[in-house]
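Source file: data29.csv; contents: CSV, C-alpha atoms and all ligand atoms.
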chain,number,residue,atom,x,y,z
Q,3,MET,CA,1.2,67.8,20.3
Q,4,THR,CA,0.3,67.4,23.9
Q,5,GLN,CA,2.5,68.2,26.8
Q,6,GLN,CA,3.6,65.1,28.8
Q,7,ASN,CA,6.1,64.3,31.5
Q,8,ASN,CA,9.6,64.6,30.2
Q,9,VAL,CA,8.5,65.9,26.9
Q,10,VAL,CA,10.7,68.0,24.6
Q,11,VAL,CA,8.2,70.1,22.8
Q,12,SER,CA,8.9,70.4,19.1
Q,13,ASP,CA,7.8,73.1,16.7
Q,14,THR,CA,6.8,70.3,14.3
Q,15,LYS,CA,3.1,70.3,13.8
Q,16,SER,CA,1.0,67.2,13.1
Q,17,GLU,CA,-1.8,67.7,10.7
Q,18,VAL,CA,-4.9,65.7,10.0
Q,19,VAL,CA,-5.9,65.8,6.4
Q,20,ALA,CA,-9.0,64.6,4.6
Q,21,GLN,CA,-8.7,61.2,3.2
Q,22,ASN,CA,-10.8,60.2,0.2
Q,23,LYS,CA,-8.4,57.8,-1.5
Q,24,PRO,CA,-5.4,55.7,-0.5
Q,25,PRO,CA,-2.1,57.7,-0.9
Q,26,PRO,CA,0.3,56.8,-3.7
Q,27,PRO,CA,2.9,54.2,-2.5
Q,28,PRO,CA,6.0,55.8,-1.1
Q,29,GLY,CA,8.7,55.8,-3.8
Q,30,GLY,CA,6.1,57.0,-6.2
Q,31,GLY,CA,6.8,54.4,-8.9
Q,32,GLY,CA,4.5,51.6,-7.7
Q,33,GLY,CA,7.4,49.2,-8.2
Q,34,GLY,CA,8.8,50.9,-11.3
Q,35,GLY,CA,10.7,49.5,-14.2
Q,36,TYR,CA,12.9,47.1,-12.3
Q,37,ILE,CA,10.2,45.0,-10.7
Q,38,SER,CA,8.9,42.0,-12.6
Q,39,ILE,CA,5.2,41.9,-12.1
Q,40,THR,CA,3.7,40.1,-15.1
Q,41,ARG,CA,0.7,41.6,-16.9
Q,42,ARG,CA,-0.8,38.1,-16.7
Q,43,SER,CA,-0.7,38.0,-12.9
Q,44,ILE,CA,-2.4,41.4,-12.7
Q,45,LEU,CA,-5.1,40.3,-15.1
Q,46,LYS,CA,-5.5,37.1,-13.3
Q,47,ASN,CA,-6.2,39.0,-10.1
Q,48,LEU,CA,-8.6,41.3,-11.7
Q,49,GLU,CA,-10.5,38.3,-13.0
Q,50,ILE,CA,-10.7,36.8,-9.5
Q,51,ASN,CA,-11.9,40.0,-8.0
Q,52,GLY,CA,-13.9,41.5,-10.7
Q,53,GLY,CA,-13.8,45.3,-11.2
Q,54,GLY,CA,-14.9,48.1,-8.8
Q,55,GLY,CA,-13.6,47.7,-5.3
Q,56,GLY,CA,-11.5,44.7,-6.3
Q,57,GLN,CA,-9.2,47.0,-8.3
Q,58,ARG,CA,-8.1,48.9,-5.2
Q,59,VAL,CA,-7.4,45.6,-3.3
Q,60,ASN,CA,-5.4,44.4,-6.3
Q,61,GLY,CA,-3.4,47.5,-6.3
Q,62,TRP,CA,-2.5,46.9,-2.7
Q,63,ILE,CA,-1.5,43.3,-3.4
Q,64,GLU,CA,0.6,44.2,-6.4
Q,65,SER,CA,2.3,46.9,-4.4
Q,66,MET,CA,3.1,44.4,-1.7
Q,67,ARG,CA,4.5,42.0,-4.3
Q,68,ALA,CA,6.6,44.7,-5.7
Q,69,ALA,CA,7.9,45.5,-2.2
Q,70,SER,CA,8.9,41.9,-1.6
Q,71,PRO,CA,10.3,40.4,-4.8
Q,72,THR,CA,11.4,36.8,-4.5
Q,73,HIS,CA,13.4,36.4,-7.7
Q,74,PRO,CA,15.7,38.7,-9.6
Q,75,SER,CA,14.5,40.7,-12.6
Q,76,LEU,CA,16.3,40.5,-15.9
Q,77,SER,CA,20.0,40.2,-15.3
Q,78,GLN,CA,20.7,43.2,-17.6
Q,79,GLY,CA,18.3,45.3,-15.3
Q,80,GLN,CA,20.1,44.0,-12.3
Q,81,THR,CA,23.5,45.0,-13.6
Q,82,SER,CA,22.3,48.5,-14.4
Q,83,TRP,CA,20.6,48.7,-10.9
Q,84,ILE,CA,23.9,47.8,-9.2
Q,85,LEU,CA,25.7,50.5,-11.3
Q,86,HIS,CA,23.2,53.1,-10.0
Q,87,HIS,CA,23.1,51.7,-6.4
Q,88,PRO,CA,26.5,50.2,-5.8
Q,89,SER,CA,27.3,48.2,-2.7
Q,90,ALA,CA,28.0,50.4,0.3
Q,91,LEU,CA,30.8,47.9,1.2
Q,92,ASP,CA,32.5,48.4,-2.2
Q,93,MET,CA,32.1,52.1,-1.9
Q,94,PHE,CA,33.2,52.3,1.7
Q,95,ASP,CA,36.3,54.5,1.1
Q,96,GLN,CA,34.4,57.0,-1.1
Q,97,ILE,CA,31.7,57.2,1.6
Q,98,ILE,CA,34.2,57.9,4.3
Q,99,GLU,CA,35.8,60.6,2.1
Q,100,ALA,CA,32.5,62.3,1.6
Q,101,SER,CA,31.8,62.3,5.4
Q,102,LYS,CA,35.2,63.9,6.2
Q,103,GLY,CA,34.9,66.7,8.8
Q,104,LYS,CA,31.2,66.0,9.3
Q,105,GLN,CA,29.2,64.5,12.1
Q,106,ILE,CA,27.9,61.0,11.0
Q,107,VAL,CA,24.5,60.2,12.4
Q,108,MET,CA,23.2,56.6,12.0
Q,109,PHE,CA,19.5,55.7,11.3
Q,110,LEU,CA,18.7,52.0,11.2
Q,111,ASP,CA,15.5,50.2,10.3
Q,112,TYR,CA,15.0,47.0,12.2
Q,113,ASP,CA,13.2,44.2,10.3
Q,114,GLY,CA,15.1,43.0,7.3
Q,115,THR,CA,18.0,45.4,8.2
Q,116,LEU,CA,19.3,44.4,11.6
Q,117,SER,CA,17.3,41.1,11.8
Q,118,PRO,CA,16.3,38.7,9.1
Q,119,ILE,CA,12.7,38.7,7.9
Q,120,VAL,CA,11.1,35.6,9.6
Q,121,GLU,CA,7.7,34.0,9.4
Q,122,ASP,CA,6.6,35.0,12.9
Q,123,PRO,CA,7.2,38.7,13.4
Q,124,ASP,CA,7.3,38.1,17.2
Q,125,ARG,CA,10.5,36.0,16.7
Q,126,ALA,CA,12.4,38.5,14.5
Q,127,PHE,CA,15.4,38.4,16.9
Q,128,MET,CA,18.7,40.1,16.1
Q,129,SER,CA,21.9,38.2,16.7
Q,130,ASN,CA,24.1,38.9,19.7
Q,131,THR,CA,26.9,39.9,17.3
Q,132,MET,CA,24.6,42.4,15.6
Q,133,ARG,CA,23.7,43.8,19.0
Q,134,LYS,CA,27.4,44.2,20.0
Q,135,THR,CA,28.0,45.9,16.7
Q,136,VAL,CA,25.2,48.4,17.1
Q,137,ARG,CA,26.3,49.0,20.7
Q,138,LYS,CA,29.8,49.9,19.5
Q,139,LEU,CA,28.3,52.0,16.7
Q,140,ALA,CA,26.3,54.0,19.2
Q,141,ARG,CA,29.6,54.8,21.1
Q,142,CYS,CA,31.0,56.3,17.9
Q,143,PHE,CA,28.0,58.1,16.4
Q,144,PRO,CA,24.5,59.1,17.5
Q,145,THR,CA,22.3,56.1,16.5
Q,146,ALA,CA,18.6,55.7,16.1
Q,147,ILE,CA,16.4,52.8,15.3
Q,148,VAL,CA,13.5,53.8,13.0
Q,149,THR,CA,10.9,51.1,12.5
Q,150,GLY,CA,7.3,50.4,11.7
Q,151,ARG,CA,7.1,48.3,14.8
Q,152,CYS,CA,5.8,49.4,18.2
Q,153,LYS,CA,8.6,51.2,20.0
Q,154,ASP,CA,8.5,49.0,23.1
Q,155,LYS,CA,8.5,45.8,21.0
Q,156,VAL,CA,11.5,46.8,19.0
Q,157,TYR,CA,13.2,47.9,22.3
Q,158,ASN,CA,12.7,44.4,23.6
Q,159,PHE,CA,14.5,43.1,20.5
Q,160,VAL,CA,17.4,45.5,20.5
Q,161,ARG,CA,17.8,46.2,24.3
Q,162,LEU,CA,20.3,49.0,24.0
Q,163,ALA,CA,19.4,52.0,26.2
Q,164,GLU,CA,21.8,54.3,24.6
Q,165,LEU,CA,19.9,54.5,21.3
Q,166,TYR,CA,17.1,56.7,20.0
Q,167,TYR,CA,14.0,54.8,19.1
Q,168,ALA,CA,11.4,55.9,16.6
Q,169,GLY,CA,8.6,53.3,16.5
Q,170,SER,CA,5.3,53.1,14.5
Q,171,HIS,CA,7.0,54.7,11.5
Q,172,GLY,CA,8.2,57.6,13.6
Q,173,LEU,CA,4.9,58.3,15.4
Q,174,ASP,CA,6.4,57.3,18.7
Q,175,ILE,CA,9.9,58.7,19.4
Q,176,LYS,CA,11.9,58.2,22.5
Q,177,GLY,CA,15.5,59.3,23.3
Q,178,PRO,CA,18.2,57.3,25.1
Q,179,THR,CA,17.5,56.4,28.7
Q,180,ARG,CA,21.2,56.0,29.3
Q,181,SER,CA,23.1,59.2,28.7
Q,182,SER,CA,25.8,59.3,26.2
Q,183,LYS,CA,28.1,62.1,24.9
Q,184,TYR,CA,25.6,62.9,22.3
Q,185,ASN,CA,22.6,63.7,24.5
Q,186,LYS,CA,24.1,65.1,27.6
Q,187,ASP,CA,23.2,68.6,26.5
Q,188,MET,CA,19.6,67.9,25.9
Q,189,LYS,CA,17.1,69.8,28.0
Q,190,ALA,CA,15.2,66.8,29.2
Q,191,GLU,CA,16.9,63.5,29.7
Q,192,ALA,CA,14.1,61.5,28.2
Q,193,LEU,CA,12.8,62.7,24.8
Q,194,LEU,CA,9.3,61.6,24.0
Q,195,PHE,CA,7.3,62.7,21.0
Q,196,GLN,CA,4.0,61.3,19.9
Q,197,PRO,CA,2.3,63.4,17.2
Q,198,ALA,CA,-0.7,61.1,16.9
Q,199,SER,CA,-1.6,60.2,20.4
Q,200,GLU,CA,-5.3,61.1,19.9
Q,201,PHE,CA,-5.5,58.1,17.5
Q,202,LEU,CA,-4.6,55.5,20.0
Q,203,PRO,CA,-8.3,54.4,20.9
Q,204,MET,CA,-9.1,54.2,17.2
Q,205,ILE,CA,-6.1,52.1,16.4
Q,206,ASP,CA,-7.0,49.7,19.2
Q,207,GLU,CA,-10.5,49.4,17.9
Q,208,VAL,CA,-9.3,48.6,14.4
Q,209,TYR,CA,-6.8,46.1,15.7
Q,210,GLN,CA,-9.6,44.2,17.5
Q,211,LYS,CA,-11.9,44.2,14.5
Q,212,LEU,CA,-9.1,42.9,12.2
Q,213,VAL,CA,-8.1,40.2,14.7
Q,214,ASP,CA,-11.8,39.0,14.8
Q,215,LYS,CA,-12.4,39.2,11.0
Q,216,THR,CA,-9.1,37.5,9.9
Q,217,LYS,CA,-9.5,34.6,12.3
Q,218,SER,CA,-10.8,32.3,9.5
Q,219,ILE,CA,-7.7,32.9,7.3
Q,220,ALA,CA,-4.9,30.4,7.9
Q,221,GLY,CA,-1.6,32.1,8.7
Q,222,ALA,CA,-3.2,35.6,9.1
Q,223,MET,CA,-1.4,37.7,11.7
Q,224,VAL,CA,-2.5,41.1,12.9
Q,225,GLU,CA,0.0,43.1,14.9
Q,226,ASN,CA,-0.8,46.1,17.1
Q,227,ASN,CA,2.1,48.5,16.7
Q,228,LYS,CA,0.6,51.1,18.9
Q,229,PHE,CA,0.2,53.9,16.3
Q,230,CYS,CA,-0.2,51.5,13.4
Q,231,VAL,CA,-1.8,48.1,12.8
Q,232,SER,CA,0.1,45.7,10.6
Q,233,VAL,CA,-1.7,42.9,8.8
Q,234,HIS,CA,0.8,40.3,7.8
Q,235,PHE,CA,0.6,38.2,4.7
Q,236,ARG,CA,3.8,36.3,4.9
Q,237,CYS,CA,2.3,33.1,6.3
Q,238,VAL,CA,-0.9,33.3,4.2
Q,239,ASP,CA,-1.4,31.3,1.0
Q,240,GLU,CA,-1.2,33.7,-1.9
Q,241,LYS,CA,-4.6,32.5,-3.1
Q,242,LYS,CA,-6.0,33.9,0.1
Q,243,TRP,CA,-4.2,37.3,-0.2
Q,244,SER,CA,-7.2,38.9,-2.0
Q,245,GLU,CA,-9.7,37.7,0.6
Q,246,GLN,CA,-7.5,39.1,3.5
Q,247,ALA,CA,-7.0,42.4,1.6
Q,248,HIS,CA,-10.8,42.7,1.2
Q,249,ILE,CA,-11.3,42.3,4.9
Q,250,VAL,CA,-8.8,45.1,5.6
Q,251,LYS,CA,-10.6,47.2,3.1
Q,252,SER,CA,-14.0,46.6,4.6
Q,253,VAL,CA,-12.7,47.5,8.1
Q,254,LEU,CA,-10.9,50.6,6.9
Q,255,LYS,CA,-14.0,51.9,5.3
Q,256,GLY,CA,-15.4,53.0,8.7
Q,257,TYR,CA,-12.3,55.0,9.5
Q,258,PRO,CA,-11.7,57.9,7.1
Q,259,LYS,CA,-8.9,59.3,9.4
Q,260,LEU,CA,-6.8,56.2,8.8
Q,261,HIS,CA,-5.1,55.2,5.7
Q,262,LEU,CA,-3.3,52.1,4.3
Q,263,THR,CA,0.3,51.6,3.0
Q,264,GLU,CA,1.8,48.5,1.5
Q,265,GLY,CA,5.1,46.9,2.6
Q,266,ARG,CA,7.0,43.6,2.4
Q,267,LYS,CA,4.1,41.1,2.6
Q,268,VAL,CA,2.3,43.5,5.0
Q,269,LEU,CA,-0.6,46.0,4.8
Q,270,GLU,CA,-0.3,48.7,7.4
Q,271,ILE,CA,-3.0,51.0,8.7
Q,272,ARG,CA,-1.9,54.3,10.0
Q,273,PRO,CA,-3.3,57.7,11.1
Q,274,THR,CA,-3.6,60.1,8.2
Q,275,ILE,CA,-1.2,62.7,9.4
Q,276,LYS,CA,1.7,64.2,7.6
Q,277,TRP,CA,4.3,62.2,9.4
Q,278,ASP,CA,6.6,59.4,8.2
Q,279,LYS,CA,10.2,58.0,8.7
Q,280,GLY,CA,11.6,61.0,6.8
Q,281,LYS,CA,10.0,63.5,9.2
Q,282,ALA,CA,11.1,61.3,12.1
Q,283,LEU,CA,14.7,61.5,10.8
Q,284,GLU,CA,14.4,65.3,10.6
Q,285,PHE,CA,12.9,65.5,14.1
Q,286,LEU,CA,15.8,63.4,15.5
Q,287,LEU,CA,18.4,65.6,13.8
Q,288,GLU,CA,16.6,68.6,15.4
Q,289,SER,CA,16.7,66.9,18.8
Q,290,LEU,CA,20.4,66.4,18.5
Q,291,GLY,CA,20.8,70.1,17.6
Q,292,LEU,CA,22.1,69.1,14.1
Q,293,ALA,CA,19.1,69.9,11.8
Q,294,ASN,CA,20.5,73.2,10.6
Q,295,CYS,CA,24.2,72.2,10.5
Q,296,SER,CA,25.9,72.0,7.2
Q,297,ASP,CA,28.4,69.6,8.6
Q,298,VAL,CA,26.1,66.7,9.5
Q,299,PHE,CA,26.2,63.4,7.6
Q,300,PRO,CA,23.1,61.2,8.2
Q,301,VAL,CA,23.2,57.6,7.0
Q,302,TYR,CA,19.9,55.8,6.8
Q,303,ILE,CA,19.8,52.0,6.2
Q,304,GLY,CA,16.5,50.3,5.5
Q,305,ASP,CA,14.8,47.6,3.4
Q,306,ASP,CA,11.2,48.7,3.1
Q,307,ARG,CA,8.9,51.0,1.1
Q,308,SER,CA,8.4,53.1,4.2
Q,309,ASP,CA,12.2,53.8,4.4
Q,310,GLU,CA,11.9,55.5,1.0
Q,311,ASP,CA,10.5,58.6,2.8
Q,312,ALA,CA,13.8,58.8,4.7
Q,313,PHE,CA,15.9,58.2,1.6
Q,314,LYS,CA,14.1,61.0,-0.1
Q,315,LYS,CA,14.5,63.3,2.8
Q,316,LEU,CA,18.3,62.9,2.6
Q,317,ARG,CA,18.3,63.5,-1.1
Q,318,ASP,CA,16.2,66.7,-0.5
Q,319,ARG,CA,18.6,67.9,2.2
Q,320,GLY,CA,21.6,67.1,0.1
Q,321,GLN,CA,23.2,65.5,3.1
Q,322,GLY,CA,24.4,62.0,3.8
Q,323,PHE,CA,22.8,59.1,1.9
Q,324,GLY,CA,20.4,56.2,2.1
Q,325,ILE,CA,21.4,52.5,1.8
Q,326,LEU,CA,18.7,50.1,0.6
Q,327,VAL,CA,19.0,46.5,1.9
Q,328,SER,CA,17.9,44.3,-0.9
Q,329,LYS,CA,19.0,41.3,-2.9
Q,330,PHE,CA,16.9,42.4,-5.9
Q,331,PRO,CA,16.5,45.6,-7.9
Q,332,LYS,CA,13.8,47.9,-6.6
Q,333,GLU,CA,13.0,51.4,-7.4
Q,334,THR,CA,14.6,53.5,-4.6
Q,335,SER,CA,15.8,56.9,-3.7
Q,336,ALA,CA,18.7,55.3,-1.8
Q,337,SER,CA,22.2,55.9,-3.2
Q,338,TYR,CA,23.8,52.6,-2.2
Q,339,SER,CA,22.8,49.0,-1.5
Q,340,LEU,CA,23.6,46.1,0.8
Q,341,GLN,CA,22.2,42.7,0.2
Q,342,GLU,CA,21.2,41.4,3.6
Q,343,PRO,CA,21.5,42.0,7.4
Q,344,LYS,CA,24.9,40.3,7.4
Q,345,GLU,CA,26.3,42.9,5.0
Q,346,VAL,CA,24.7,45.6,7.1
Q,347,MET,CA,26.7,44.3,10.1
Q,348,ASP,CA,29.9,44.2,8.0
Q,349,PHE,CA,29.3,47.8,7.0
Q,350,LEU,CA,28.6,49.0,10.6
Q,351,GLN,CA,31.7,47.1,11.8
Q,352,ARG,CA,33.9,48.9,9.2
Q,353,LEU,CA,32.5,52.2,10.3
Q,354,VAL,CA,33.4,51.5,13.9
Q,355,GLU,CA,36.9,50.3,12.9
Q,356,TRP,CA,37.4,53.4,10.8
Q,357,LYS,CA,36.3,55.7,13.7
Q,358,LYS,CA,38.7,53.9,16.1
Q,359,VAL,CA,41.6,54.2,13.8
Q,360,SER,CA,40.9,57.9,13.0
Q,361,LEU,CA,40.5,58.7,16.8
Q,362,ARG,CA,43.8,57.0,17.5
Q,363,ALA,CA,45.5,58.9,14.7
Q,364,ARG,CA,44.1,62.2,16.0
Q,365,SER,CA,45.3,61.5,19.6
Q,366,ARG,CA,48.8,60.8,18.3
Q,367,VAL,CA,48.8,64.2,16.6
E,1,MG,MG,12.3,46.8,7.4
Give the structure from the file, written as structure tokens.
Amino acid sequence: MTQQNNVVVSDTKSEVVAQNKPPPPPGGGGGGGYISITRRSILKNLEINGGGGGQRVNGWIESMRAASPTHPSLSQGQTSWILHHPSALDMFDQIIEASKGKQIVMFLDYDGTLSPIVEDPDRAFMSNTMRKTVRKLARCFPTAIVTGRCKDKVYNFVRLAELYYAGSHGLDIKGPTRSSKYNKDMKAEALLFQPASEFLPMIDEVYQKLVDKTKSIAGAMVENNKFCVSVHFRCVDEKKWSEQAHIVKSVLKGYPKLHLTEGRKVLEIRPTIKWDKGKALEFLLESLGLANCSDVFPVYIGDDRSDEDAFKKLRDRGQGFGILVSKFPKETSASYSLQEPKEVMDFLQRLVEWKKVSLRARSRV
């Protein structure tokens, strides 16, 4: 990592690795047993695209579909899924019990978690009530936004200076610009960590190429998220998904140091370095001086494939837990579920209320 103004230097090393094939989708299961992708739809796509290169493109498309189901799977499967990933609201008392005596640290994804998924990603605003809730949350616990979006863009949506922000899937991390009781002991007031800064010119180039080449596809949107380029499919007719994915593939061919991941109606191109939302979570815990504490209780809430890296990290650490935001069963390493951003807000409000009550009780003692 390079030294910059106001940089906290971490021991964490970024590593460039050879890239010959796309990595397996995070979560490992490619959708798993709970996602209803019909054999017919896969075969239909293979027919459209033929074999060879088309197969990889189909893999991306099926993976995107699996990450963005629009109808529930078999009701029996849904019941069993809820049993394994109960509502965090229903389990609130048990969650609080498990966190007793520990420092709760909150990690929140943005799109689909704090704001609804909307057709135009530039208009994914969060409600004022949600903003107020997150502000109160940050007064009670260290709180970070961890997103695939460009850090500055998500900051413009959230507009809370007291939070940590990890943009571009954790490739662009910034600490609070307003001090709080959680960061007053930090060596530098502004924490900044960019493990992939040498990729910036390459990412810009790929962004421009994709904008030019997808112009002919109605509804196609390409977003420059600074350290990652997102190609959105949400406004593109499904019949055109394959064509758009082929364009992405043809552009990516010239950049072996970049790789592709699939999300909710989005393909994302990122630097091939060993860094993800899980590593960002660990880096932020380290920055807070909590990485090696046994009494830390991180809670990560997210709705996307890329959040699975963070859910897995928490399972590996054996600390805290992940909450998946989803109305439908999905293969996940999260422990609990919430159905939509409104439920996320209810959960966060309950946490704030609980903290207030417990502080009042403590001050009486
Ligand atoms: Mg999301």
Could the residues that lie within 10 Å of ligand MG 1 (chain E), counting only C-alpha atoms and all ligand atoms, be listed as a PyMOL selection string? chain Q and resi 110-119+148-151+265-266+303-309+326-327
Which residues come within 8 Å of region 87-99 of chain Q, counting all atoms listed in the file, excluding same-chain residues fewer than 3 positions away, as a PyMOL selection string? chain Q and resi 83-84+102+325+336-340+345+348-349
Contacts of region 217-232 of chain Q at 8 Å (all atoms listed in the file; same-chain gap of 5+ positions) as a list in words: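 The filter keeps Gly150, Arg151, Cys152, Lys153, Ser170, Leu173, Asp174, Ala198, Ser199, Phe201, Leu202, Ile205, Asp206, Val208, Tyr209, Leu212, Cys237, Val238, Asp239, Lys242, Gln246, Val268, Leu269, Glu270, Ile271, Arg272 and Pro273 of chain Q.
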Keeping only C-alpha atoms, write the selected residues to a file as a tab-separated table (two decimals), in the frame of the given file.
chain	number	residue	atom	x	y	z
Q	150	GLY	CA	7.30	50.40	11.70
Q	151	ARG	CA	7.10	48.30	14.80
Q	152	CYS	CA	5.80	49.40	18.20
Q	153	LYS	CA	8.60	51.20	20.00
Q	170	SER	CA	5.30	53.10	14.50
Q	173	LEU	CA	4.90	58.30	15.40
Q	174	ASP	CA	6.40	57.30	18.70
Q	198	ALA	CA	-0.70	61.10	16.90
Q	199	SER	CA	-1.60	60.20	20.40
Q	201	PHE	CA	-5.50	58.10	17.50
Q	202	LEU	CA	-4.60	55.50	20.00
Q	205	ILE	CA	-6.10	52.10	16.40
Q	206	ASP	CA	-7.00	49.70	19.20
Q	208	VAL	CA	-9.30	48.60	14.40
Q	209	TYR	CA	-6.80	46.10	15.70
Q	212	LEU	CA	-9.10	42.90	12.20
Q	237	CYS	CA	2.30	33.10	6.30
Q	238	VAL	CA	-0.90	33.30	4.20
Q	239	ASP	CA	-1.40	31.30	1.00
Q	242	LYS	CA	-6.00	33.90	0.10
Q	246	GLN	CA	-7.50	39.10	3.50
Q	268	VAL	CA	2.30	43.50	5.00
Q	269	LEU	CA	-0.60	46.00	4.80
Q	270	GLU	CA	-0.30	48.70	7.40
Q	271	ILE	CA	-3.00	51.00	8.70
Q	272	ARG	CA	-1.90	54.30	10.00
Q	273	PRO	CA	-3.30	57.70	11.10
If I take CA of Val253 (chain Q) and CA of Arg58 (chain Q), how far is one from the other in Å, to one decimal?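 That distance, rounded to one decimal, is 14.1 Å.
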Looking at Q:Ser335, Q:Ser65, Q:Thr145, Q:Asn158, which one is nearest to Leu287 (chain Q), with distances taken over all atoms listed in the file?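 Among Q:Ser335, Q:Ser65, Q:Thr145, Q:Asn158, it is Q:Thr145 that comes nearest to Leu287 (chain Q).
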Which one is closest to Lys332 (chain Q): Q:Phe159, Q:Ala168, Q:Arg67, Q:Asn60? Count only C-alpha atoms. Q:Arg67
Computed gap from CA of Gln105 (chain Q) to CA of Gly324 (chain Q) is 15.7 Å
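If you measure from each of Q:Asn130, Q:Ile106, Q:Gly172, Q:Pro331 to Lys279 (chain Q) using all atoms listed in the file, the closest one turns out to be Q:Gly172.
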Which of these residues is nearest to Val59 (chain Q), using only C-alpha atoms: Q:Lys267, Q:His248, Q:Lys241, Q:Lys344?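 Smallest distance to Val59 (chain Q) is found for Q:His248.
Of the listed residues (Q:Met128, Q:Cys142, Q:Ile63, Q:Lys315), Q:Cys142 comes nearest to Leu361 (chain Q); the distances count only C-alpha atoms.
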